[in-house]
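Peer 1: Below is model.cif; it holds mmCIF, C-alpha atoms.
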```cif
data_upload
loop_
_atom_site.label_atom_id
_atom_site.label_comp_id
_atom_site.auth_asym_id
_atom_site.auth_seq_id
_atom_site.Cartn_x
_atom_site.Cartn_y
_atom_site.Cartn_z
CA MET T 1 3.52 -25.10 -40.96
CA ALA T 2 4.14 -26.59 -37.52
CA TYR T 3 1.25 -26.50 -35.08
CA ILE T 4 1.61 -23.89 -32.32
CA LYS T 5 -0.49 -24.03 -29.17
CA ALA T 6 -2.95 -21.18 -28.68
CA THR T 7 -1.19 -19.98 -25.52
CA GLU T 8 2.17 -19.91 -27.29
CA ARG T 9 0.68 -18.06 -30.26
CA GLU T 10 -0.91 -15.52 -27.93
CA GLY T 11 2.41 -14.98 -26.16
CA GLN T 12 4.18 -14.56 -29.50
CA ILE T 13 1.68 -11.90 -30.60
CA VAL T 14 1.77 -10.03 -27.29
CA ALA T 15 5.58 -9.94 -27.34
CA ALA T 16 5.50 -8.56 -30.90
CA ALA T 17 2.88 -5.98 -29.89
CA MET T 18 5.06 -4.81 -27.01
CA ARG T 19 7.97 -4.26 -29.38
CA VAL T 20 5.82 -2.33 -31.84
CA LEU T 21 4.18 -0.26 -29.09
CA SER T 22 7.59 0.61 -27.64
CA ASP T 23 8.79 1.75 -31.07
CA VAL T 24 5.80 3.66 -32.46
CA GLY T 25 3.35 4.18 -29.58
CA VAL T 26 -0.33 3.32 -29.22
CA ALA T 27 -1.54 5.58 -32.03
CA GLY T 28 0.96 4.16 -34.52
CA THR T 29 0.33 0.52 -33.65
CA THR T 30 -1.87 -1.48 -36.03
CA LEU T 31 -2.83 -5.13 -36.06
CA ARG T 32 -1.19 -5.41 -39.48
CA GLY T 33 2.06 -4.02 -38.08
CA VAL T 34 1.97 -6.40 -35.13
CA ALA T 35 1.30 -9.36 -37.43
CA ALA T 36 4.30 -8.39 -39.54
CA GLU T 37 6.48 -8.09 -36.43
CA ALA T 38 5.29 -11.49 -35.21
CA GLY T 39 5.86 -13.05 -38.64
CA ILE T 40 2.33 -14.38 -38.93
CA PRO T 41 -0.58 -13.76 -41.34
CA LEU T 42 -2.96 -10.95 -40.36
CA GLY T 43 -5.82 -13.48 -40.36
CA THR T 44 -4.06 -15.52 -37.70
CA LEU T 45 -3.70 -12.47 -35.48
CA HIS T 46 -7.37 -11.58 -35.99
CA TYR T 47 -8.32 -15.08 -34.91
CA VAL T 48 -6.44 -14.69 -31.61
CA PHE T 49 -7.17 -10.98 -31.06
CA PRO T 50 -10.18 -9.79 -33.10
CA SER T 51 -9.62 -6.15 -32.12
CA LYS T 52 -6.79 -3.79 -31.21
CA ASP T 53 -8.44 -3.16 -27.85
CA GLN T 54 -8.33 -6.85 -26.93
CA LEU T 55 -4.66 -6.99 -27.91
CA LEU T 56 -3.84 -3.93 -25.79
CA ARG T 57 -5.59 -5.51 -22.83
CA ALA T 58 -3.43 -8.59 -23.21
CA VAL T 59 -0.32 -6.41 -23.40
CA ILE T 60 -1.22 -4.61 -20.16
CA ALA T 61 -1.83 -7.94 -18.44
CA ALA T 62 1.58 -9.19 -19.59
CA VAL T 63 3.31 -6.00 -18.44
CA MET T 64 1.67 -6.26 -15.02
CA ASP T 65 2.93 -9.83 -14.70
CA ASP T 66 6.44 -8.70 -15.64
CA VAL T 67 6.35 -5.95 -12.99
CA VAL T 68 5.19 -8.37 -10.29
CA ASP T 69 7.93 -10.85 -11.24
CA ALA T 70 10.62 -8.15 -11.28
CA VAL T 71 9.66 -6.70 -7.90
CA ARG T 72 9.35 -10.07 -6.19
CA ALA T 73 12.55 -11.55 -7.65
CA ASP T 74 14.56 -12.93 -4.71
CA LEU T 75 12.71 -10.57 -2.37
CA GLN T 76 13.88 -11.11 1.22
CA LEU T 77 10.79 -10.56 3.33
CA ASP T 78 12.29 -11.70 6.63
CA ARG T 79 14.60 -8.66 6.84
CA GLY T 80 11.86 -6.12 7.50
CA VAL T 81 9.84 -3.49 5.70
CA ALA T 82 12.71 -1.08 4.98
CA HIS T 83 14.81 -3.77 3.32
CA ALA T 84 11.86 -5.16 1.34
CA LEU T 85 10.93 -1.72 0.04
CA ARG T 86 14.46 -0.88 -1.05
CA GLN T 87 15.06 -4.28 -2.61
CA GLY T 88 11.71 -4.40 -4.42
CA VAL T 89 12.04 -0.89 -5.84
CA THR T 90 15.65 -1.48 -6.87
CA ASN T 91 14.78 -4.79 -8.55
CA PHE T 92 12.03 -3.08 -10.53
CA TRP T 93 14.19 -0.11 -11.50
CA SER T 94 17.13 -2.22 -12.65
CA THR T 95 15.03 -4.72 -14.58
CA LEU T 96 12.25 -2.67 -16.15
CA VAL T 97 13.23 1.01 -16.09
CA GLU T 98 16.95 1.46 -16.82
CA SER T 99 16.98 -1.41 -19.27
CA ASP T 100 13.89 -0.40 -21.26
CA THR T 101 12.57 3.17 -21.16
CA GLY T 102 10.40 2.36 -24.16
CA LEU T 103 8.46 -0.08 -22.01
CA GLN T 104 7.77 2.63 -19.45
CA ILE T 105 6.59 5.11 -22.08
CA MET T 106 4.37 2.38 -23.50
CA GLN T 107 2.82 1.75 -20.08
CA TYR T 108 1.90 5.41 -19.62
CA GLU T 109 0.47 5.59 -23.13
CA LEU T 110 -1.62 2.48 -22.52
CA ALA T 111 -2.86 3.82 -19.19
CA LEU T 112 -3.97 7.08 -20.80
CA TYR T 113 -5.50 5.19 -23.72
CA SER T 114 -7.52 3.15 -21.25
CA VAL T 115 -8.71 6.24 -19.37
CA ARG T 116 -9.76 7.98 -22.58
CA SER T 117 -11.47 4.95 -24.10
CA GLU T 118 -12.99 3.36 -20.99
CA GLY T 119 -13.16 6.12 -18.39
CA ALA T 120 -12.98 5.39 -14.67
CA GLY T 121 -12.95 1.75 -13.69
CA GLY T 122 -11.13 0.64 -16.81
CA LEU T 123 -7.88 -1.19 -17.40
CA ALA T 124 -5.73 1.70 -16.15
CA GLN T 125 -7.46 1.56 -12.78
CA LEU T 126 -6.87 -2.18 -12.61
CA GLN T 127 -3.22 -1.63 -13.53
CA TYR T 128 -2.58 0.86 -10.74
CA GLU T 129 -4.63 -1.07 -8.22
CA ARG T 130 -2.53 -4.15 -8.89
CA TYR T 131 0.74 -2.24 -8.57
CA THR T 132 -0.42 -0.66 -5.31
CA ALA T 133 -1.56 -4.04 -4.02
CA LEU T 134 1.84 -5.50 -4.89
CA VAL T 135 3.67 -3.00 -2.66
CA THR T 136 1.01 -3.24 0.03
CA GLU T 137 1.21 -7.02 0.14
CA PHE T 138 4.98 -7.39 0.27
CA CYS T 139 5.30 -4.68 2.92
CA ALA T 140 2.65 -6.39 5.06
CA GLN T 141 4.36 -9.75 4.55
CA ALA T 142 7.76 -8.29 5.43
CA ALA T 143 6.36 -6.68 8.58
CA GLN T 144 4.78 -9.94 9.70
CA ALA T 145 7.89 -11.99 8.90
CA ALA T 146 10.19 -9.60 10.79
CA GLY T 147 7.84 -8.94 13.69
CA GLU T 148 7.39 -5.27 12.80
CA ARG T 149 4.52 -2.82 12.74
CA CYS T 150 4.25 0.42 10.78
CA ALA T 151 2.94 3.81 11.83
CA VAL T 152 0.67 4.00 8.77
CA ASP T 153 -1.63 1.53 7.04
CA PHE T 154 -0.10 -0.55 4.28
CA ASP T 155 -2.58 0.66 1.63
CA SER T 156 -1.38 4.25 2.11
CA LEU T 157 2.20 3.04 2.06
CA GLY T 158 1.64 1.27 -1.25
CA ARG T 159 0.03 4.29 -2.91
CA LEU T 160 2.74 6.67 -1.73
CA ALA T 161 5.59 4.39 -2.81
CA LEU T 162 4.01 3.93 -6.23
CA ALA T 163 3.45 7.67 -6.66
CA LEU T 164 7.08 8.48 -5.89
CA VAL T 165 8.48 5.81 -8.21
CA ASP T 166 6.05 6.82 -10.95
CA GLY T 167 7.24 10.42 -10.77
CA LEU T 168 10.88 9.40 -10.93
CA ILE T 169 10.18 7.21 -13.97
CA VAL T 170 8.65 10.16 -15.83
CA GLN T 171 11.70 12.28 -15.01
CA TYR T 172 14.04 9.50 -16.12
CA VAL T 173 12.39 8.82 -19.49
CA THR T 174 12.34 12.55 -20.29
CA SER T 175 15.92 13.15 -19.10
CA PRO T 176 17.87 9.88 -18.72
CA ASP T 177 20.54 10.30 -16.06
CA SER T 178 21.20 7.02 -14.30
CA GLU T 179 23.36 8.47 -11.54
CA ARG T 180 20.84 11.16 -10.66
CA ALA T 181 17.92 8.74 -10.90
CA ARG T 182 19.56 6.20 -8.58
CA ARG T 183 20.36 8.91 -6.07
CA ASP T 184 16.82 10.23 -6.15
CA LEU T 185 15.42 6.72 -5.94
CA ASP T 186 17.40 6.04 -2.77
CA ARG T 187 16.14 9.26 -1.24
CA ALA T 188 12.57 8.48 -2.23
CA VAL T 189 12.81 5.10 -0.50
CA ASP T 190 14.29 6.83 2.57
CA MET T 191 11.24 9.13 2.62
CA VAL T 192 8.79 6.23 2.37
CA VAL T 193 10.59 4.26 5.08
CA HIS T 194 10.59 7.30 7.36
CA PHE T 195 6.87 7.72 6.71
CA ALA T 196 6.23 4.04 7.45
CA ASP T 197 8.43 4.11 10.57
CA PRO T 198 8.76 0.31 10.85
CA GLN T 199 9.51 -0.71 14.44
CA PRO T 200 9.44 -3.98 16.39
CA VAL T 201 5.94 -4.89 17.50
CA GLY T 202 5.24 -3.46 20.94
CA THR T 203 7.28 -0.27 20.56
CA ARG T 204 5.60 3.11 20.34
CA PRO T 205 5.46 4.81 16.91
CA ARG T 206 7.56 7.94 16.47
CA HIS T 207 4.77 9.55 14.52
CA ALA T 208 1.18 8.85 13.54
CA GLY T 209 -0.09 8.48 9.98
#
```
Using structure tokens, write down the structure that the file contains.

Peer 2:
Amino acid sequence: MAYIKATEREGQIVAAAMRVLSDVGVAGTTLRGVAAEAGIPLGTLHYVFPSKDQLLRAVIAAVMDDVVDAVRADLQLDRGVAHALRQGVTNFWSTLVESDTGLQIMQYELALYSVRSEGAGGLAQLQYERYTALVTEFCAQAAQAAGERCAVDFDSLGRLALALVDGLIVQYVTSPDSERARRDLDRAVDMVVHFADPQPVGTRPRHAG
């Protein structure tokens, strides 16, 4: 058998786990099933991930990386906050929601699994903090690059944007309607942009946060 680097083996197992989780959910996922999906002996999987919990943590970390990459893909930060928000949300929706609802269901299941097994401060909290930070950071970067300021702080903006998109994802996976979802997504971004009220630095905000 050809030698495979540890990082490559880990990636192979995580990818197989994501496929299994998307198909059968957290409760139905076993290390034996993941090993079979990855085409490796169970002992090899145990060597890399001794427990199901460690494997699920690696899956969440990989999903978070995929979300960050999807949102930031070709993101044009010099065109202002409104453009960055719409482009980032659209990139994410096209790449990771419409194309793979199973991935979204898996994320929610993993978040709830983390809350039930770890309580507050666990992996689910880290997951949502990272997603919020992602929106917060690219909005702040877009504002700086375009010479804009917002009427509300960027942390609040990140949490609100994430909450709206999260709600639309739940609606989409329970009742897939691409046309409706895209329309609602556009309106949700309009709401967030109106709330943020990005204006050139030096102008007076239309409203206060």

Peer 1: Please report the interatomic distance between atom CA of T:Tyr113 and atom CA of T:Leu45 in Å with one decimal.

Peer 2: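 Interatomic distance, atom CA of T:Tyr113 to atom CA of T:Leu45: 21.3 Å.
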
Peer 1: Report as a list in words the residues that result from applying the PyMOL selection byres ((chain T and resi 44) around 12) to the structure here.

Peer 2: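 Evaluating the PyMOL selection byres ((chain T and resi 44) around 12) on this file yields Ile4, Ala6, Arg9, Glu10, Gln12, Ile13, Leu31, Arg32, Val34, Ala35, Ala36, Ala38, Gly39, Ile40, Pro41, Leu42, Gly43, Leu45, His46, Tyr47, Val48, Phe49 and Pro50 of chain T.
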
Peer 1: Would you save the residues of that selection, restricted to C-alpha atoms, as a PDB file, keeping the file's coordinate frame?

Peer 2:
```pdb
ATOM      1  CA  ILE T   4       1.610 -23.890 -32.320  1.00  0.00           C
ATOM      2  CA  ALA T   6      -2.950 -21.180 -28.680  1.00  0.00           C
ATOM      3  CA  ARG T   9       0.680 -18.060 -30.260  1.00  0.00           C
ATOM      4  CA  GLU T  10      -0.910 -15.520 -27.930  1.00  0.00           C
ATOM      5  CA  GLN T  12       4.180 -14.560 -29.500  1.00  0.00           C
ATOM      6  CA  ILE T  13       1.680 -11.900 -30.600  1.00  0.00           C
ATOM      7  CA  LEU T  31      -2.830  -5.130 -36.060  1.00  0.00           C
ATOM      8  CA  ARG T  32      -1.190  -5.410 -39.480  1.00  0.00           C
ATOM      9  CA  VAL T  34       1.970  -6.400 -35.130  1.00  0.00           C
ATOM     10  CA  ALA T  35       1.300  -9.360 -37.430  1.00  0.00           C
ATOM     11  CA  ALA T  36       4.300  -8.390 -39.540  1.00  0.00           C
ATOM     12  CA  ALA T  38       5.290 -11.490 -35.210  1.00  0.00           C
ATOM     13  CA  GLY T  39       5.860 -13.050 -38.640  1.00  0.00           C
ATOM     14  CA  ILE T  40       2.330 -14.380 -38.930  1.00  0.00           C
ATOM     15  CA  PRO T  41      -0.580 -13.760 -41.340  1.00  0.00           C
ATOM     16  CA  LEU T  42      -2.960 -10.950 -40.360  1.00  0.00           C
ATOM     17  CA  GLY T  43      -5.820 -13.480 -40.360  1.00  0.00           C
ATOM     18  CA  LEU T  45      -3.700 -12.470 -35.480  1.00  0.00           C
ATOM     19  CA  HIS T  46      -7.370 -11.580 -35.990  1.00  0.00           C
ATOM     20  CA  TYR T  47      -8.320 -15.080 -34.910  1.00  0.00           C
ATOM     21  CA  VAL T  48      -6.440 -14.690 -31.610  1.00  0.00           C
ATOM     22  CA  PHE T  49      -7.170 -10.980 -31.060  1.00  0.00           C
ATOM     23  CA  PRO T  50     -10.180  -9.790 -33.100  1.00  0.00           C
TER      24      PRO T  50
END
```

Peer 1: Can you tell me which residues surround stretch 78-86 of chain T at a distance of at most 12 Å, considering all atoms listed in the file, apart from same-chain residues fewer than 4 positions away, and format the answer as a PyMOL selection string?

Peer 2: chain T and resi 71-74+90-94+134-151+154+157-158+160-162+165+182+185-201

Peer 1: Interatomic distance between atom CA of T:Tyr128 and atom CA of T:Thr30?

Peer 2: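 If I compute the distance from atom CA of T:Tyr128 to atom CA of T:Thr30, I get 25.4 Å.
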
Peer 1: Which residue out of T:Leu96, T:Gly122, T:Met106, T:Ala61 has the minimum interatomic distance to T:Gly28 when all atoms listed in the file are used?

Peer 2: T:Met106

Peer 1: Separation of atom CA of T:Ser117 and atom CA of T:Met18, in Å?

Peer 2: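 Interatomic distance here is 19.4 Å.
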
Peer 1: Counting only C-alpha atoms, I want the residues whose atoms come within 9 Å of (9.7, 3.6, -15.3) in the file frame, returned as a list in words.

Peer 2: Phe92, Trp93, Leu96, Val97, Glu98, Asp100, Thr101, Gly102, Leu103, Gln104, Ile105, Gln107, Val165, Asp166, Gly167, Leu168, Ile169, Val170, Gln171, Tyr172 and Val173 of chain T

Peer 1: Write out, as a PDB file, in the frame of the given file, the residues just selected, with C-alpha atoms.

Peer 2:
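And here's selection30.pdb as it stands now:
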```
ATOM      1  CA  PHE T  92      12.030  -3.080 -10.530  1.00  0.00           C
ATOM      2  CA  TRP T  93      14.190  -0.110 -11.500  1.00  0.00           C
ATOM      3  CA  LEU T  96      12.250  -2.670 -16.150  1.00  0.00           C
ATOM      4  CA  VAL T  97      13.230   1.010 -16.090  1.00  0.00           C
ATOM      5  CA  GLU T  98      16.950   1.460 -16.820  1.00  0.00           C
ATOM      6  CA  ASP T 100      13.890  -0.400 -21.260  1.00  0.00           C
ATOM      7  CA  THR T 101      12.570   3.170 -21.160  1.00  0.00           C
ATOM      8  CA  GLY T 102      10.400   2.360 -24.160  1.00  0.00           C
ATOM      9  CA  LEU T 103       8.460  -0.080 -22.010  1.00  0.00           C
ATOM     10  CA  GLN T 104       7.770   2.630 -19.450  1.00  0.00           C
ATOM     11  CA  ILE T 105       6.590   5.110 -22.080  1.00  0.00           C
ATOM     12  CA  GLN T 107       2.820   1.750 -20.080  1.00  0.00           C
ATOM     13  CA  VAL T 165       8.480   5.810  -8.210  1.00  0.00           C
ATOM     14  CA  ASP T 166       6.050   6.820 -10.950  1.00  0.00           C
ATOM     15  CA  GLY T 167       7.240  10.420 -10.770  1.00  0.00           C
ATOM     16  CA  LEU T 168      10.880   9.400 -10.930  1.00  0.00           C
ATOM     17  CA  ILE T 169      10.180   7.210 -13.970  1.00  0.00           C
ATOM     18  CA  VAL T 170       8.650  10.160 -15.830  1.00  0.00           C
ATOM     19  CA  GLN T 171      11.700  12.280 -15.010  1.00  0.00           C
ATOM     20  CA  TYR T 172      14.040   9.500 -16.120  1.00  0.00           C
ATOM     21  CA  VAL T 173      12.390   8.820 -19.490  1.00  0.00           C
TER      22      VAL T 173
END
```

Peer 1: Go through T:Gly25, T:Gly11, T:Pro176, T:Gly88 one by one, measure the shortest atom-to-atom distance of each to T:Tyr108 using all atoms listed in the file, and give the residue with the smallest value.

Peer 2: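 Closest residue, counting all atoms listed in the file: T:Gly25.
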
Peer 1: So, with all atoms listed in the file as the atoms that count, which of T:Val152, T:Leu164, T:Ala17, T:Ala124 lies closest to T:Met64?

Peer 2: T:Ala124

Peer 1: Can you tell me, as AutoDock Vina command-line options, the centre and edge lengths (Å, one decimal) of the axis-aligned box enclosing all of stretch 39-49 of chain T's listed atoms after padding each side by 8 Å?

Peer 2:
```
--center_x -1.2 --center_y -13.2 --center_z -36.2 --size_x 30.2 --size_y 20.6 --size_z 26.3
```

Peer 1: Could you check the closest approach to T:Asp53 for each of T:Ser114, T:Thr95, T:Ser22, T:Gln125 and tell me which residue wins, using all atoms listed in the file?

Peer 2: T:Ser114
